[in-house]
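Engineer: Supplied in structure tokens, the structure appears directly below.
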Amino acid sequence: MLPLIAFAVGLVFYNYKQDRNDATRRVLETVRSTRLVLDAEVQRMTGGLQVLALTDALSRGDFQGFRRIAAGFLEPYGKDGAVMVLDRKGQVLFSSMTEDAASLPPRNNLEIAEKVFTTRTPQYSDFFLGAFKQRQVITVEVPVLRDGEVIYDLCFSPPIDIFQRLVEKQRPDDQWTVSLVDTKAVVFARTPNPADNLGKRATPPLLDEMFRRPEAALSTVSLDGVALSTAYTRSRLTGWTVVAGVAENSLIAPLWRNIAFTSLIGGLLLLTGLAFALRMAATIARGETLHDLLIEELNHRVKNTLALMQAIAVQTFRSASKTERTKFEGRLGALAEAHNLLSQEKWQGSELREVIARALQPFVLSSPDRIRMAGPSVPLSPRLAVVLSMIVHEIATNAAKYGALSNETGTVTLDWEITSDTPKPRLRLVWTESGGPPVTAPVQRGFGSRLIERSARDQLGGEATVDFLPRGVVYTVSCALDEAR
């Protein structure tokens, strides 16, 4: 027995060493591939900026003409991207965020602007606080030349979400931590827990190693306190560093090999248990398959029904006005979105916040901050999810036509709470508008108002009220909660 035990211990140790080496190799390959993706993205930004720097409008100082060109460059980056033109002192001469550039404060991080004028080459900043939006930014900056001399610093602040999405896509699985850090080892993109770690510096052991070598593999502890097998590599293009690590507790392959080896002693029991487990698994799998088939059949029938309703509506509304068709299609779309959400959850019910977000999506595409939601997590049954989706859609439609969402300044606060002073818990949802046009009570109620009231009363067993207050309309919807299934 002793020789056999010694052999087993040696085999386990050998396999453990092999697994550690494989993990180190995988981590190094991950940071190198992520660095290539990061460099490609930054080079794309830099190339686009260099093309902008060659435009005649910018060379002539025609910032009004340059604004239209810059808008085309910014379009793929969304509303959080910004282009600025600065002089050597850091004064903003042009900003895509405002036409009144003269009122903008001088930029922060003047050192990088000085590098652009001195080196006449593109520069890539560290993570710093932007002077205009007062939030942490990363910038890509290129010189604008006239007659061989640098006349401006063309600065682009890309949305930080670009880098966040990059690390999330490169993360192999949830056992990994992937970060991007600037030349001062400050984190500007990270997964997991980005909100808790952006702006923090790397941990001391990693920090010390990063300032000694451009690439290495080592054992560290993450900012979340998780022991990692870590590797990093620095980009020669930007000076930024890609850091990745896999949790040490996930490297348990030697343990499983040891269990497999020693389990040979009880092989008969293992085979018996395995046969029983396979039989049970087959039974469960058949049940799951039948359940999935029924769900798919239900989804198919719902989609066919909605498509049939849409076809009937097209024929029915052929001679109706565009407004009437739009109203009906909007209501049908809200119903379809509610069914899509339930389909994703296999008709197990859904969460109130997700139902509301789906219903409000068409109304917040351009200004998502105009509707603020607050309330606890509330699981909904399929019946409640569909009806509440329709009610919220009707309320938002009224706000978009007559209320706070019909202008550029109005806002909506959507709060909900659960009250338990009745035999069944009740949901109370309050829609409060402000900043919209002057409020006047309608002479007669429209179909949408009757739909809201009757849906709450007849389908939810609750009630819906509307108050036309001077500061804005307030809708209150209350109903008993079903058990989400």
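Labels for the structure tokens follow display order: chains A, B, ..., residues from 1 in each chain, ligands from 1.
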Can you pull out every residue within 10 Å of Ala101 of chain A, counting only C-alpha atoms, but drop anything in the same chain fewer than 6 positions away, and send it as a list in words?
Structural biologist: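 Listing them by chain and then by number gives Met84, Val85, Gln91, Val92, Leu93, Phe94 and Ser95 of chain A.
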Engineer: Just list the residues in segment 185-249 of chain A DSSP gives helix (DSSP H, G or I) on the backbone, as a PyMOL selection string.
Structural biologist: chain A and resi 194-197+204-210+248-249
Engineer: So which one's closest to Val144 of chain A, A:Arg107, A:Lys169, A:Arg35, A:Arg60? Using only C-alpha atoms, please.
Structural biologist: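 With only C-alpha atoms as the atom set, the closest residue is A:Arg60.
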Engineer: Counting only C-alpha atoms, figure out which residue out of A:Ala357, A:Leu251, A:Gly199, A:Ser420 gets nearest to His393 of chain A.
Structural biologist: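 So, comparing all the options, the nearest one is A:Ala357.
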Engineer: Mind the document's chain letters and residue numbers, and return as a list in words the residues of segment 358-454 of chain A that DSSP labels strand (DSSP E or B).
Structural biologist: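 Listing strand (DSSP E or B) positions across segment 358-454 of chain A yields Ile371, Arg372, Met373, Ala374, Pro379, Leu380, Thr411, Val412, Thr413, Leu414, Asp415, Trp416, Glu417, Ile418, Thr419, Arg426, Leu427, Arg428, Leu429, Val430, Trp431, Thr432, Glu433 and Ser434 of chain A.
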Engineer: Just write the chosen residues, C-alpha atoms, as a CSV table (one decimal), in the first residue's frame.
Structural biologist:
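Wrote it out as part.csv, contents follow:
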```csv
chain,number,residue,atom,x,y,z
A,371,ILE,CA,-37.5,59.1,-16.4
A,372,ARG,CA,-36.2,58.1,-12.9
A,373,MET,CA,-37.4,54.9,-11.4
A,374,ALA,CA,-37.1,53.8,-7.7
A,379,PRO,CA,-41.6,39.6,-9.0
A,380,LEU,CA,-44.7,39.6,-11.2
A,411,THR,CA,-39.2,64.8,-16.2
A,412,VAL,CA,-41.0,61.9,-14.7
A,413,THR,CA,-40.5,60.1,-11.4
A,414,LEU,CA,-41.8,56.6,-11.2
A,415,ASP,CA,-41.9,55.1,-7.7
A,416,TRP,CA,-43.4,51.9,-6.4
A,417,GLU,CA,-43.8,50.2,-3.0
A,418,ILE,CA,-45.3,47.1,-1.5
A,419,THR,CA,-47.8,47.4,1.3
A,426,ARG,CA,-50.4,45.1,-2.7
A,427,LEU,CA,-48.4,47.1,-5.2
A,428,ARG,CA,-48.7,50.8,-5.3
A,429,LEU,CA,-47.1,52.6,-8.3
A,430,VAL,CA,-47.0,56.4,-8.6
A,431,TRP,CA,-46.1,58.2,-11.9
A,432,THR,CA,-45.3,61.9,-11.2
A,433,GLU,CA,-44.6,64.4,-13.9
A,434,SER,CA,-43.0,67.8,-13.6
```
Engineer: I want to know what sits within 7 Å of Asp153 of chain A, based on only C-alpha atoms, with residues of the same chain fewer than 2 positions away left out; could you give that as a count of residues only?
Structural biologist: 10
Engineer: What gap, in Å, lies between atom CA of Leu104 of chain A and atom CA of Val140 of chain A?
Structural biologist: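 Atom CA of Val140 of chain A lies 19.6 Å from atom CA of Leu104 of chain A.
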